[in-house]
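Trainee: My questions all concern the structure below.
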Amino acid sequence: MARWLRPLVGALLLLEGAAALSFLHHRYEELVQALFRVQSQCPYVSRIYSIGRSVEGRHLYVLEFSDYPGIHEPLEPEFKYVGNMHGNEVLGRELLLQLSEFLCEEYRRGNERITRLIHDTRIHIMPSMNPDGYEVAAKQGPDSNGYLTGRNNANGVDLNRNFPDLNTLMYYSREISGPNHHIPLPDNWKSQVEPETLAVIQWISSYNFVLSANLHGGAVVANYPYDKSQDQRFRSHRRTVNTPTPDDKLFQKLAKTYSYAHGWMHRGWNCGDYFADGITNGASWYSLSKGMQDFNYLYTNCFEITLELSCNKFPPEEDLERQWMANREALVAFIEEVHQGIKGMVSDENNNGIAGAVISVQGISHDITSGDMGDYFRLLLPGTYTVTASAEGYQPLTVTTTVGPAAPSLVHFQLKQEVVRKPAERKASGTRMNNKALQKKVVPRATRRGTQR
């Protein structure tokens with residue numbers, strides 16, 4: 001076959017696959033059937049698991065794609081998509097079902113790009129974090145759906161205002177030179193969160209996720225951290241104070257990857273709003289407390305953004321195919337962003353992996369840690385960096401490495417045991433004091449209502 005024909009044939013195959021998909025709204029039972037149908041069609045590269053149940057007992061199902069489903073392979077990054085956090089924002093739910101079917105179909109077709117993605121990435125897809133709220137919204141239907149109908153869970157709680165407020169802890173931590181990552185949770189946090197929130201926190205604590213997006217509706221923009229402004233003086237109206245993370249340039253690049261691969265998000269003018277390049281810092285749009293996006297960044301190794309995907313929270317079925325075609329490339333391209341920066345193994349002199357080793361990048365005051373097997377993943381833009389790996393009981397090791405624009409650079413650390421150790425008890429005591437100081441110093445604030453995210 002002539003070389004110039006191959007891309008054309010590939011595009012035609014993708015179009016053929018897209019045309020075969022069904023574009024319907026799926027109630028809970030139909031969603032479950034769709035997930036299990038996809039899994040049965042690709043049994044060797046997928047599995048279904050539940051992270052818990054909603055208030056009304058519905059499973060919070062996740063569909064995983066990997067060449068070894070259910071197994072974390074060292075140096076293979078974990079990625080996740082979460083949809084339908086607000087029950088009446090339904091496009092993300094349907095797009096993630098379409099994406100699941102698309103990944104399965106294209107893998108079976110032998111699509112090289114999708115095959116490589118599934119073999120090199122462990123992909124977790126949760127179409128609905130709020131199945132109870134969705135059922136309330138679906139009863140109204142797209143034609144008469146209220147702006148807030150079904151937004152909250154069955155207890156009437158907005159799940160995107162229900163995570164522990166680690167932002168306030170982090171802002172105080174800066175003042176006392178406390179931790180800049182894996183901020184400790186308040187002692188009573190479990191009593192303050194909903195079953196769906198608890199399930200997600202336990203989920204993201206169990207998997208070493210590297211990159212993530214949660215899918216919303218009501219606007220068209222890629223939103224990145226921080227969502228919560230440090231300025232707490234204003235209570236009664238939207239605060240628009242740009243509040244960047246230490247990884248601000250990286251987050252902007254991640255957001256632009258989605259917006260420019262999307263059919264029209266990058267144009268900026270959507271739903272009566274304008275966002276340059278189709279992206280925004282969350283707090284620059286409006287300040288949001290106790291959100292899932294910031295929680296991922298401050299409590300885990302995961303870099304998460306929020307995708308607002310439609311002006312209409314509950315679009316009619318006849319619009320679903322157009323929305324899928326606008327988002328398909330963006331959904332795939334964003335997953336591919338997990339493969340950048342540096343990654344490697346942190347081990348001891350006997351090549352045993354060291355879990356919980358801290359990876360610090362000079363000039364970026366946000367560290368990440370190695371996973372249970374000792375592997376780590378640090379997303380970074382192209383450039384030259386000085387990186388240090390440290391772990392209790394070992395001598396820290398610092399290297400300089402250059403990151404390119406394509407695949408991540410492999411940087412391994414083999415740490416030697418400390419010759420002279422500091423008393424472990426004194427070090428542990430200091431950590432407890434820092435954590436207690438953080439938790440006692442701040443008081444969570446009430447959250448606003450009626451916003452999009």
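Residues are named by chain letter and number: chains run A, B, ... in the order of the structure tokens, numbers start at 1 in each chain, and ligands are numbered from 1 in the order shown.
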Taking a cut-off of 9 Å and counting only C-alpha atoms, can you build a table that, for each residue of stretch 87-142 of chain A near stretch 331-337 of chain A, reports the nearest atom pair and how far apart they are in Å (one decimal), sorted by chain then residue number, as a tab-separated table?
Mentor:
```
residue	atom	partner	partner_atom	distance
A:Leu95	CA	A:Leu331	CA	8.9
A:Leu96	CA	A:Leu331	CA	8.8
A:Leu99	CA	A:Leu331	CA	7.7
A:Ile114	CA	A:Val332	CA	8.4
A:Leu117	CA	A:Glu336	CA	7.2
A:Thr121	CA	A:Ile335	CA	8.5
A:Ile123	CA	A:Ile335	CA	8.1
```
Trainee: Filtering to N, CA, C and O atoms, could you give me those residues as an mmCIF file, in the first residue's frame?
Mentor:
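Everything below was put into out31.cif:
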```cif
data_model
loop_
_atom_site.group_PDB
_atom_site.id
_atom_site.type_symbol
_atom_site.label_atom_id
_atom_site.label_comp_id
_atom_site.auth_asym_id
_atom_site.auth_seq_id
_atom_site.Cartn_x
_atom_site.Cartn_y
_atom_site.Cartn_z
ATOM 1 N N LEU A 95 -19.618 10.549 27.419
ATOM 2 C CA LEU A 95 -18.344 10.552 26.699
ATOM 3 C C LEU A 95 -17.426 9.445 27.198
ATOM 4 O O LEU A 95 -16.707 8.819 26.398
ATOM 5 N N LEU A 96 -17.431 9.182 28.496
ATOM 6 C CA LEU A 96 -16.561 8.142 29.028
ATOM 7 C C LEU A 96 -17.046 6.754 28.633
ATOM 8 O O LEU A 96 -16.227 5.837 28.451
ATOM 9 N N LEU A 99 -15.815 6.579 25.106
ATOM 10 C CA LEU A 99 -14.369 6.369 25.099
ATOM 11 C C LEU A 99 -14.033 4.913 25.413
ATOM 12 O O LEU A 99 -13.143 4.326 24.769
ATOM 13 N N ILE A 114 -3.706 3.317 19.801
ATOM 14 C CA ILE A 114 -4.495 2.858 20.939
ATOM 15 C C ILE A 114 -3.849 1.639 21.585
ATOM 16 O O ILE A 114 -3.828 1.509 22.819
ATOM 17 N N LEU A 117 -1.051 2.825 23.670
ATOM 18 C CA LEU A 117 -1.561 3.527 24.847
ATOM 19 C C LEU A 117 -1.992 2.533 25.928
ATOM 20 O O LEU A 117 -1.674 2.704 27.115
ATOM 21 N N THR A 121 0.067 2.180 29.499
ATOM 22 C CA THR A 121 -0.648 2.978 30.497
ATOM 23 C C THR A 121 -1.711 2.117 31.162
ATOM 24 O O THR A 121 -2.338 1.283 30.515
ATOM 25 N N ILE A 123 -5.197 2.578 32.503
ATOM 26 C CA ILE A 123 -6.241 3.597 32.362
ATOM 27 C C ILE A 123 -7.473 3.190 33.170
ATOM 28 O O ILE A 123 -8.023 2.097 32.967
#
```
Trainee: List as a PyMOL selection string the protein and nucleic acid residues near stretch 67-74 of chain A, meaning an atom at most 9 Å away when only C-alpha atoms are counted, but skip any in the same chain fewer than 4 places from it.
Mentor: chain A and resi 44-47+78+118-122+207+344-345+373-376
Trainee: Take the residues from that selection and write them out as a tab-separated table (two decimals), in the first residue's frame, keeping all heavy atoms.
Mentor:
```tsv
chain	number	residue	atom	x	y	z
A	44	TYR	N	-9.17	-9.47	27.68
A	44	TYR	CA	-7.76	-9.64	28.02
A	44	TYR	C	-7.06	-8.32	28.34
A	44	TYR	O	-5.94	-8.33	28.86
A	44	TYR	CB	-7.03	-10.35	26.87
A	44	TYR	CG	-7.60	-11.72	26.58
A	44	TYR	CD1	-8.28	-11.97	25.40
A	44	TYR	CD2	-7.47	-12.75	27.50
A	44	TYR	CE1	-8.83	-13.22	25.13
A	44	TYR	CE2	-8.02	-14.01	27.26
A	44	TYR	CZ	-8.70	-14.23	26.07
A	44	TYR	OH	-9.25	-15.47	25.82
A	45	VAL	N	-7.71	-7.20	28.04
A	45	VAL	CA	-7.08	-5.90	28.32
A	45	VAL	C	-7.98	-5.00	29.16
A	45	VAL	O	-7.78	-3.79	29.23
A	45	VAL	CB	-6.70	-5.16	27.01
A	45	VAL	CG1	-5.59	-5.90	26.30
A	45	VAL	CG2	-7.91	-4.96	26.11
A	46	SER	N	-8.98	-5.58	29.82
A	46	SER	CA	-9.87	-4.74	30.64
A	46	SER	C	-10.42	-5.53	31.81
A	46	SER	O	-10.45	-6.77	31.80
A	46	SER	CB	-11.03	-4.19	29.79
A	46	SER	OG	-11.89	-5.23	29.39
A	47	ARG	N	-10.87	-4.82	32.81
A	47	ARG	CA	-11.58	-5.42	33.93
A	47	ARG	C	-12.47	-4.35	34.54
A	47	ARG	O	-12.25	-3.15	34.35
A	47	ARG	CB	-10.62	-5.96	34.99
A	47	ARG	CG	-9.96	-4.89	35.85
A	47	ARG	CD	-9.20	-5.47	37.02
A	47	ARG	NE	-8.53	-4.42	37.78
A	47	ARG	CZ	-8.70	-4.18	39.07
A	47	ARG	NH1	-9.53	-4.95	39.78
A	47	ARG	NH2	-8.05	-3.20	39.68
A	78	GLU	N	-0.30	5.27	36.11
A	78	GLU	CA	-1.74	5.09	36.32
A	78	GLU	C	-2.45	6.40	35.97
A	78	GLU	O	-2.06	7.48	36.42
A	78	GLU	CB	-2.01	4.74	37.79
A	78	GLU	CG	-1.19	3.59	38.34
A	78	GLU	CD	-1.90	2.25	38.28
A	78	GLU	OE1	-3.09	2.24	37.90
A	78	GLU	OE2	-1.27	1.24	38.62
A	118	ILE	N	-2.70	1.49	25.54
A	118	ILE	CA	-3.19	0.50	26.50
A	118	ILE	C	-2.03	-0.34	27.06
A	118	ILE	O	-2.02	-0.71	28.24
A	118	ILE	CB	-4.27	-0.39	25.86
A	118	ILE	CG1	-5.55	0.44	25.64
A	118	ILE	CG2	-4.58	-1.61	26.72
A	118	ILE	CD1	-6.66	-0.28	24.92
A	119	HIS	N	-1.04	-0.63	26.23
A	119	HIS	CA	0.10	-1.43	26.69
A	119	HIS	C	1.03	-0.64	27.61
A	119	HIS	O	1.67	-1.22	28.48
A	119	HIS	CB	0.90	-1.95	25.50
A	119	HIS	CG	0.23	-3.09	24.80
A	119	HIS	ND1	0.80	-3.76	23.74
A	119	HIS	CD2	-0.97	-3.71	25.00
A	119	HIS	CE1	0.00	-4.72	23.32
A	119	HIS	NE2	-1.10	-4.70	24.07
A	120	ASP	N	1.08	0.68	27.43
A	120	ASP	CA	2.02	1.50	28.19
A	120	ASP	C	1.39	2.27	29.34
A	120	ASP	O	2.09	2.95	30.09
A	120	ASP	CB	2.72	2.51	27.26
A	120	ASP	CG	3.60	1.84	26.22
A	120	ASP	OD1	3.88	0.64	26.38
A	120	ASP	OD2	3.98	2.51	25.25
A	121	THR	N	0.07	2.18	29.50
A	121	THR	CA	-0.65	2.98	30.50
A	121	THR	C	-1.71	2.12	31.16
A	121	THR	O	-2.34	1.28	30.51
A	121	THR	CB	-1.36	4.18	29.84
A	121	THR	OG1	-0.55	4.72	28.81
A	121	THR	CG2	-1.69	5.25	30.86
A	122	ARG	N	-1.91	2.31	32.44
A	122	ARG	CA	-3.04	1.67	33.13
A	122	ARG	C	-4.13	2.73	33.26
A	122	ARG	O	-4.00	3.69	34.02
A	122	ARG	CB	-2.60	1.14	34.49
A	122	ARG	CG	-3.57	0.17	35.12
A	122	ARG	CD	-3.00	-0.39	36.41
A	122	ARG	NE	-3.94	-1.29	37.08
A	122	ARG	CZ	-3.87	-1.63	38.35
A	122	ARG	NH1	-2.88	-1.15	39.11
A	122	ARG	NH2	-4.75	-2.44	38.89
A	207	TYR	N	-4.15	3.67	44.69
A	207	TYR	CA	-3.48	3.63	43.39
A	207	TYR	C	-2.58	4.86	43.26
A	207	TYR	O	-2.97	5.96	43.65
A	207	TYR	CB	-4.50	3.64	42.25
A	207	TYR	CG	-5.34	2.39	42.15
A	207	TYR	CD1	-6.44	2.21	42.98
A	207	TYR	CD2	-5.05	1.40	41.22
A	207	TYR	CE1	-7.24	1.07	42.88
A	207	TYR	CE2	-5.82	0.26	41.11
A	207	TYR	CZ	-6.92	0.10	41.95
A	207	TYR	OH	-7.69	-1.04	41.85
A	344	GLY	N	11.26	6.56	37.14
A	344	GLY	CA	12.33	5.64	37.43
A	344	GLY	C	12.06	4.85	38.70
A	344	GLY	O	10.97	4.89	39.27
A	345	MET	N	13.07	4.12	39.14
A	345	MET	CA	12.99	3.31	40.36
A	345	MET	C	13.87	3.93	41.44
A	345	MET	O	14.97	4.42	41.16
A	345	MET	CB	13.47	1.89	40.09
A	345	MET	CG	12.69	1.14	39.02
A	345	MET	SD	10.96	0.82	39.46
A	345	MET	CE	11.16	-0.15	40.95
A	373	MET	N	6.15	-0.17	44.92
A	373	MET	CA	7.25	-0.94	44.34
A	373	MET	C	8.54	-0.14	44.21
A	373	MET	O	9.55	-0.65	43.74
A	373	MET	CB	6.84	-1.47	42.96
A	373	MET	CG	5.72	-2.48	43.00
A	373	MET	SD	5.35	-3.13	41.35
A	373	MET	CE	4.10	-4.35	41.75
A	374	GLY	N	8.47	1.15	44.59
A	374	GLY	CA	9.64	1.99	44.48
A	374	GLY	C	9.72	2.79	43.21
A	374	GLY	O	10.66	3.57	43.01
A	375	ASP	N	8.73	2.63	42.32
A	375	ASP	CA	8.74	3.43	41.09
A	375	ASP	C	8.07	4.78	41.33
A	375	ASP	O	7.18	4.92	42.17
A	375	ASP	CB	8.09	2.69	39.93
A	375	ASP	CG	6.67	2.22	40.23
A	375	ASP	OD1	6.28	2.18	41.42
A	375	ASP	OD2	5.95	1.87	39.28
A	376	TYR	N	8.52	5.78	40.59
A	376	TYR	CA	7.97	7.12	40.73
A	376	TYR	C	7.75	7.72	39.34
A	376	TYR	O	8.34	7.29	38.35
A	376	TYR	CB	8.92	8.02	41.54
A	376	TYR	CG	10.13	8.48	40.76
A	376	TYR	CD1	10.11	9.66	40.02
A	376	TYR	CD2	11.28	7.70	40.71
A	376	TYR	CE1	11.21	10.07	39.27
A	376	TYR	CE2	12.38	8.10	39.97
A	376	TYR	CZ	12.34	9.28	39.25
A	376	TYR	OH	13.42	9.67	38.50
```
Trainee: So, with only C-alpha atoms as the atoms that count, which of A:Ser390, A:Phe314, A:Cys271, A:Arg322 lies closest to A:Gly141?
Mentor: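 Closest candidate: A:Phe314.
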Trainee: Check stretch 4-149 of chain A with DSSP on the backbone and list each residue it calls helix (DSSP H, G or I), as a ChimeraX atom specification.
Mentor: /A:5-20,28-41,91-109,112-120,131-144
Trainee: Can you list, as a list in words, every protein, DNA or RNA residue that comes within 8 Å of A:Tyr49 when you count only C-alpha atoms, leaving out same-chain residues fewer than 6 positions away?
Mentor: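 The contact residues come out as Tyr61, Val62, Leu63 and Glu64 of chain A.
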Trainee: Take the residues from that selection and write them out as a tab-separated table (two decimals), in the first residue's frame, keeping all heavy atoms.
Mentor:
```
chain	number	residue	atom	x	y	z
A	61	TYR	N	-18.70	2.10	39.70
A	61	TYR	CA	-17.91	1.20	38.87
A	61	TYR	C	-16.78	1.93	38.14
A	61	TYR	O	-16.92	3.09	37.73
A	61	TYR	CB	-18.79	0.51	37.85
A	61	TYR	CG	-19.58	-0.66	38.39
A	61	TYR	CD1	-20.97	-0.66	38.38
A	61	TYR	CD2	-18.92	-1.78	38.91
A	61	TYR	CE1	-21.69	-1.74	38.87
A	61	TYR	CE2	-19.64	-2.86	39.41
A	61	TYR	CZ	-21.01	-2.84	39.39
A	61	TYR	OH	-21.72	-3.90	39.88
A	62	VAL	N	-15.68	1.21	37.97
A	62	VAL	CA	-14.54	1.69	37.20
A	62	VAL	C	-14.20	0.62	36.17
A	62	VAL	O	-14.17	-0.58	36.48
A	62	VAL	CB	-13.30	1.94	38.09
A	62	VAL	CG1	-12.10	2.36	37.25
A	62	VAL	CG2	-13.61	2.98	39.15
A	63	LEU	N	-13.96	1.05	34.93
A	63	LEU	CA	-13.50	0.15	33.88
A	63	LEU	C	-12.02	0.44	33.65
A	63	LEU	O	-11.64	1.58	33.37
A	63	LEU	CB	-14.29	0.37	32.58
A	63	LEU	CG	-13.86	-0.46	31.37
A	63	LEU	CD1	-14.02	-1.96	31.64
A	63	LEU	CD2	-14.69	-0.07	30.14
A	64	GLU	N	-11.20	-0.56	33.78
A	64	GLU	CA	-9.76	-0.42	33.63
A	64	GLU	C	-9.29	-1.03	32.32
A	64	GLU	O	-9.73	-2.11	31.94
A	64	GLU	CB	-9.05	-1.11	34.80
A	64	GLU	CG	-7.53	-1.15	34.67
A	64	GLU	CD	-6.89	-2.11	35.65
A	64	GLU	OE1	-7.45	-2.31	36.75
A	64	GLU	OE2	-5.82	-2.67	35.33
```
Trainee: At what distance in Å, to one decimal, does atom CA of A:Tyr172 lie from atom CA of A:Ser229?
Mentor: 12.9 Å
Trainee: Enter the distance from atom CA of A:Met126 to atom CA of A:Val221, in Å, rounded to one decimal.
Mentor: 20.6 Å
Trainee: Skip A:Ser347 itself and residues of its chain fewer than 4 positions away, then list as a list in words all residues within 12 Å of it, counting only C-alpha atoms.
Mentor: Asn351, Asn352, Gly353, Ile354, Ala355, Gly356, Ala357, Ser370, Gly371, Asp372, Met373, Gly374, Asp375, Tyr376, Ala389, Ser390, Ala391, Tyr394, Gln395, Pro396, Leu397, Val411, His412, Phe413, Gln414, Leu415, Lys416 and Gln417 of chain A
Trainee: In stretch 256-406 of chain A, what's strand (DSSP E) per DSSP? Answer as a count of residues only?
Mentor: 50
Trainee: Would you mind listing what lies within 10 Å of A:Thr306 as JSON, numbers by chain, with only C-alpha atoms counted and same-chain residues fewer than 2 positions away left out?
Mentor: {"A": [82, 212, 213, 214, 215, 216, 217, 221, 222, 223, 224, 225, 227, 255, 280, 282, 292, 293, 294, 304, 308, 309, 453]}
Trainee: Of the candidates A:Leu159, A:Arg37, A:Pro77, A:Asn242, which one gets nearest to A:Val200 if we count only C-alpha atoms?
Mentor: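 Closest to A:Val200 of all the choices is A:Leu159.
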Trainee: May I have the residues within 9 Å of stretch 88-90 of chain A as number ranges by chain, using only C-alpha atoms and disregarding those fewer than 5 positions away in the same chain?
Mentor: A: 25, 83, 95, 128, 133-138, 145-152, 215-218, 310, 312-315
Trainee: Create the file for the chosen residues now, containing N, CA and C atoms and written as a PDB file, in the first residue's frame.
Mentor:
```pdb
ATOM      1  N   HIS A  25     -28.617   8.404  26.139  1.00  0.00           N
ATOM      2  CA  HIS A  25     -28.410   8.603  27.567  1.00  0.00           C
ATOM      3  C   HIS A  25     -28.626   7.259  28.272  1.00  0.00           C
ATOM      4  N   GLY A  83     -16.265  10.959  35.735  1.00  0.00           N
ATOM      5  CA  GLY A  83     -17.382  11.711  35.166  1.00  0.00           C
ATOM      6  C   GLY A  83     -18.555  11.814  36.116  1.00  0.00           C
ATOM      7  N   LEU A  95     -19.618  10.549  27.419  1.00  0.00           N
ATOM      8  CA  LEU A  95     -18.344  10.552  26.699  1.00  0.00           C
ATOM      9  C   LEU A  95     -17.426   9.445  27.198  1.00  0.00           C
ATOM     10  N   SER A 128     -19.446   7.490  36.288  1.00  0.00           N
ATOM     11  CA  SER A 128     -20.350   8.226  37.183  1.00  0.00           C
ATOM     12  C   SER A 128     -19.901   8.101  38.636  1.00  0.00           C
ATOM     13  N   GLY A 133     -27.598  11.081  42.013  1.00  0.00           N
ATOM     14  CA  GLY A 133     -27.991  12.385  41.481  1.00  0.00           C
ATOM     15  C   GLY A 133     -28.388  12.302  40.024  1.00  0.00           C
ATOM     16  N   TYR A 134     -27.691  11.452  39.263  1.00  0.00           N
ATOM     17  CA  TYR A 134     -28.043  11.299  37.851  1.00  0.00           C
ATOM     18  C   TYR A 134     -29.470  10.802  37.681  1.00  0.00           C
ATOM     19  N   GLU A 135     -29.878   9.835  38.483  1.00  0.00           N
ATOM     20  CA  GLU A 135     -31.230   9.290  38.343  1.00  0.00           C
ATOM     21  C   GLU A 135     -32.284  10.361  38.600  1.00  0.00           C
ATOM     22  N   VAL A 136     -32.010  11.270  39.545  1.00  0.00           N
ATOM     23  CA  VAL A 136     -32.931  12.381  39.799  1.00  0.00           C
ATOM     24  C   VAL A 136     -33.001  13.290  38.575  1.00  0.00           C
ATOM     25  N   ALA A 137     -31.838  13.621  38.015  1.00  0.00           N
ATOM     26  CA  ALA A 137     -31.805  14.491  36.840  1.00  0.00           C
ATOM     27  C   ALA A 137     -32.438  13.822  35.632  1.00  0.00           C
ATOM     28  N   ALA A 138     -32.189  12.526  35.465  1.00  0.00           N
ATOM     29  CA  ALA A 138     -32.698  11.809  34.288  1.00  0.00           C
ATOM     30  C   ALA A 138     -34.226  11.713  34.297  1.00  0.00           C
ATOM     31  N   ASN A 145     -34.981  19.820  32.450  1.00  0.00           N
ATOM     32  CA  ASN A 145     -34.069  19.651  33.579  1.00  0.00           C
ATOM     33  C   ASN A 145     -33.729  20.985  34.220  1.00  0.00           C
ATOM     34  N   GLY A 146     -33.905  21.068  35.533  1.00  0.00           N
ATOM     35  CA  GLY A 146     -33.558  22.277  36.258  1.00  0.00           C
ATOM     36  C   GLY A 146     -32.062  22.437  36.383  1.00  0.00           C
ATOM     37  N   TYR A 147     -31.630  23.677  36.619  1.00  0.00           N
ATOM     38  CA  TYR A 147     -30.199  23.961  36.659  1.00  0.00           C
ATOM     39  C   TYR A 147     -29.491  23.206  37.781  1.00  0.00           C
ATOM     40  N   LEU A 148     -30.203  22.954  38.882  1.00  0.00           N
ATOM     41  CA  LEU A 148     -29.599  22.269  40.018  1.00  0.00           C
ATOM     42  C   LEU A 148     -30.213  20.899  40.285  1.00  0.00           C
ATOM     43  N   THR A 149     -31.232  20.514  39.525  1.00  0.00           N
ATOM     44  CA  THR A 149     -31.918  19.245  39.768  1.00  0.00           C
ATOM     45  C   THR A 149     -30.969  18.067  39.573  1.00  0.00           C
ATOM     46  N   GLY A 150     -30.711  17.321  40.635  1.00  0.00           N
ATOM     47  CA  GLY A 150     -29.839  16.154  40.555  1.00  0.00           C
ATOM     48  C   GLY A 150     -28.366  16.472  40.709  1.00  0.00           C
ATOM     49  N   ARG A 151     -28.034  17.731  40.933  1.00  0.00           N
ATOM     50  CA  ARG A 151     -26.617  18.102  41.069  1.00  0.00           C
ATOM     51  C   ARG A 151     -25.954  17.381  42.244  1.00  0.00           C
ATOM     52  N   ASN A 152     -26.627  17.376  43.400  1.00  0.00           N
ATOM     53  CA  ASN A 152     -26.054  16.814  44.618  1.00  0.00           C
ATOM     54  C   ASN A 152     -26.313  15.320  44.725  1.00  0.00           C
ATOM     55  N   LEU A 215     -14.802  15.347  34.693  1.00  0.00           N
ATOM     56  CA  LEU A 215     -15.597  15.911  33.600  1.00  0.00           C
ATOM     57  C   LEU A 215     -16.892  16.508  34.131  1.00  0.00           C
ATOM     58  N   HIS A 216     -17.113  17.778  33.791  1.00  0.00           N
ATOM     59  CA  HIS A 216     -18.279  18.534  34.259  1.00  0.00           C
ATOM     60  C   HIS A 216     -19.008  19.158  33.069  1.00  0.00           C
ATOM     61  N   GLY A 217     -20.021  19.975  33.357  1.00  0.00           N
ATOM     62  CA  GLY A 217     -20.772  20.680  32.329  1.00  0.00           C
ATOM     63  C   GLY A 217     -21.274  22.005  32.852  1.00  0.00           C
ATOM     64  N   GLY A 218     -21.737  22.857  31.929  1.00  0.00           N
ATOM     65  CA  GLY A 218     -22.222  24.184  32.295  1.00  0.00           C
ATOM     66  C   GLY A 218     -21.346  25.289  31.746  1.00  0.00           C
ATOM     67  N   SER A 310     -19.673  21.339  28.190  1.00  0.00           N
ATOM     68  CA  SER A 310     -20.865  21.718  27.419  1.00  0.00           C
ATOM     69  C   SER A 310     -21.609  22.845  28.120  1.00  0.00           C
ATOM     70  N   ASN A 312     -24.804  23.213  27.869  1.00  0.00           N
ATOM     71  CA  ASN A 312     -25.998  22.535  28.348  1.00  0.00           C
ATOM     72  C   ASN A 312     -25.575  21.384  29.257  1.00  0.00           C
ATOM     73  N   LYS A 313     -26.002  21.429  30.506  1.00  0.00           N
ATOM     74  CA  LYS A 313     -25.615  20.376  31.439  1.00  0.00           C
ATOM     75  C   LYS A 313     -26.174  19.009  31.040  1.00  0.00           C
ATOM     76  N   PHE A 314     -27.361  18.982  30.457  1.00  0.00           N
ATOM     77  CA  PHE A 314     -28.002  17.728  30.069  1.00  0.00           C
ATOM     78  C   PHE A 314     -28.379  17.831  28.593  1.00  0.00           C
ATOM     79  N   PRO A 315     -27.389  17.701  27.691  1.00  0.00           N
ATOM     80  CA  PRO A 315     -27.685  17.880  26.266  1.00  0.00           C
ATOM     81  C   PRO A 315     -28.596  16.795  25.727  1.00  0.00           C
TER      82      PRO A 315
END
```
Trainee: Near A:Ile51, within 10 Å and counting only C-alpha atoms, which residues show up once chain neighbours fewer than 5 positions away are dropped, as a list in words?
Mentor: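 With the cut-off at 10 Å, the set is His59, Leu60, Tyr61, Val62, Met126, Met129, Glu196, Leu198, Ala199, Val200, Ile201, Gln202, Trp203 and Ile204 of chain A.
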Trainee: Could you jot down the atom CA of A:Met265 to atom CA of A:Arg328 separation for me, Å, one decimal place?
Mentor: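 Straight-line distance from atom CA of A:Met265 to atom CA of A:Arg328 works out to 12.9 Å.
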